[in-house]
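S.K.: Have a look at this one before I ask anything.
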Amino acid sequence: MTVQDHPADRSRAPGPDGGSAPKAVQVADLSVDLGGRLVLRGVDLQIRQGEVVAVLGTNGSGKSTLIRTMVGLLPAARGQVKLFGTPVPRFRQWNKVGYVPQRITAAGGVPATVQEVVSSGLLSKRRLFRPLKAADRAAIDEALEIVAMADRRKDAVAELSGGQQQRVLIARALVADPDLLILDEPTAGVDLASQGIFADAIRERVARGTTVVMVSHDLGPMDALIDRSVVLRRGRIVYDGAPHASQTHAHVHPHVADDEPGLLS
Ligand SMILES: Nc1ncnc2c1ncn2[C@@H]1O[C@H](COP(=O)(O)OP(=O)(O)OP(=O)(O)O)[C@@H](O)[C@H]1O
């Protein structure tokens, strides 16, 4: 994919594929039911390859639910999600997708080293329990260099700070060189140094044409990379367009939930 200089140009240009390449993400009339409650209601969203999209909205508006349904962690009650033209339940090319979940799951009490966690990002590419090939080792080294964690590769993940653990998860998402990065609050609670390193890593991938879908309360250094914002409210899209206009729709209050009390059992 040709790299355009300005993010806005990149989002508007049809691209060398003239629009014929399958969309990176197609969400059609998606509703998701969690615990008997419709958390997403009739969401439609199309993301072209190479676009960088921020998903915004108040707490509880359904951002994580949308992201988790995109990567097949939650089923659709109605409608569907396609990745690169294939419905998620049939999608098998998970090496094309890098996913960073909202909260730290890398440590989780498992005594894994930094290198082990990052190499798990290659699992869909290689068979379990087979030794790493030289190319795999080079990819792991590169991903660790990008997040400035190469000197910590032998350390247990549980011993790292929250920001460093998040950098390890980002390296795991980058190691297979995915075409689509799906990031759920990747820099929440992350120190400034890690945020800067993370933004540099994403900028480099975006310049190479990687599609990015990112949930964030505070885009920080990532703001300049965003082509388009989508704002959710109570499970529906209430804004989809230019990033800066979205700020007036987002009304992000990190400590105020958008829940309707009593609807959860
Ligand atoms: N397992 C579950 N069962 C029932 N309700 C759930 C479940 N998980 C989440 N919810 C509810 O679904 C709604 C949407 O949650 P979601 O995590 O998608 O919101 P969010 O926009 O990502 O919020 P935040 O910014 O706090 O992460 C919330 O009201 C939440 O309480």
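Here, A, B, ... name the chains of the structure tokens in the order displayed, residue numbers run from 1 inside each chain, and ligands are numbered from 1 in the same displayed order.
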Pull the closest atom pair for each residue of chain A that gets at most 6 Å from ligand 1, along with the distance in Å to one decimal, counting only C-alpha atoms and all ligand atoms, ordering rows by chain and then ascending residue number, as a Markdown table.

M.R.:
| residue | atom | partner | partner_atom_place_in_ligand_line | distance |
| --- | --- | --- | --- | --- |
| A:Leu34 | CA | ligand 1 | 4 (C) | 4.3 |
| A:Gly35 | CA | ligand 1 | 4 (C) | 4.2 |
| A:Val39 | CA | ligand 1 | 12 (O) | 5.1 |
| A:Thr58 | CA | ligand 1 | 25 (O) | 5.9 |
| A:Asn59 | CA | ligand 1 | 25 (O) | 3.6 |
| A:Gly60 | CA | ligand 1 | 19 (O) | 3.4 |
| A:Ser61 | CA | ligand 1 | 21 (O) | 3.9 |
| A:Gly62 | CA | ligand 1 | 18 (O) | 3.2 |
| A:Lys63 | CA | ligand 1 | 21 (O) | 3.8 |
| A:Ser64 | CA | ligand 1 | 22 (O) | 3.6 |
| A:Thr65 | CA | ligand 1 | 18 (O) | 3.7 |
| A:Asp259 | CA | ligand 1 | 29 (O) | 4.8 |

S.K.: Using only C-alpha atoms, find each residue in stretch 40-145 of chain A having at least one atom no more than 6 Å away from stretch 161-183 of chain A; report its shortest atom-to-atom pair and that distance in Å (one decimal), rows by chain then rising number, as a tab-separated table.

M.R.:
residue	atom	partner	partner_atom	distance
A:Lys96	CA	A:Pro178	CA	4.3
A:Val97	CA	A:Leu180	CA	4.9
A:Gly98	CA	A:Ala173	CA	4.2
A:Tyr99	CA	A:Ile182	CA	4.8
A:Val100	CA	A:Leu183	CA	4.8
A:Val118	CA	A:Arg172	CA	4.1
A:Gly121	CA	A:Arg172	CA	4.7
A:Leu122	CA	A:Ala176	CA	5.7
A:Ala139	CA	A:Val175	CA	5.8
A:Ile140	CA	A:Val175	CA	5.9
A:Ala143	CA	A:Ala171	CA	4.9
A:Leu144	CA	A:Ala171	CA	5.9

S.K.: Considering only C-alpha atoms, return as an MDAnalysis selection string whatever protein or nucleic-acid residues lie within 7 Å of A:Val230, sequence-local ones (same chain, fewer than 5 positions apart) excluded.

M.R.: chainID A and resid 54:56 237 239:241

S.K.: How would the residues just picked look written out with C-alpha atoms as a compact mmCIF listing (two decimals), in the first residue's frame?

M.R.:
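part.txt written:
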# COMPACT_ATOMS: atom_id res chain seq x y z
CA ALA A 54 -10.28 5.80 17.21
CA VAL A 55 -13.29 4.35 19.05
CA LEU A 56 -14.45 6.80 21.72
CA ILE A 237 -22.74 4.85 17.03
CA TYR A 239 -20.73 9.99 15.54
CA ASP A 240 -18.53 8.71 12.72
CA GLY A 241 -16.26 11.18 10.97

S.K.: Need the shell around A:Arg152: protein/DNA/RNA residues with any atom at most 9 Å away, counting only C-alpha atoms. Skip same-chain ones fewer than 6 positions apart. Format as a PyMOL selection string?

M.R.: chain A and resi 113-115+144

S.K.: Give me, as a tab-separated table, each residue of stretch 59-78 of chain A that comes within 9 Å of stretch 24-30 of chain A, together with its shortest interatomic pair and the distance in Å at one decimal, counting only C-alpha atoms, with rows ordered by chain and rising residue number.

M.R.:
residue	atom	partner	partner_atom	distance
A:Leu66	CA	A:Leu30	CA	8.8
A:Met70	CA	A:Val25	CA	8.0
A:Ala76	CA	A:Leu30	CA	6.5
A:Ala77	CA	A:Leu30	CA	7.5
A:Arg78	CA	A:Leu30	CA	5.6

S.K.: Select, from A:Ile146, A:Met214, A:Leu74, A:Leu192, the residue with the minimum atom-to-atom distance to A:Val231, counting only C-alpha atoms.

M.R.: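 Smallest separation from A:Val231 among the options: A:Met214.
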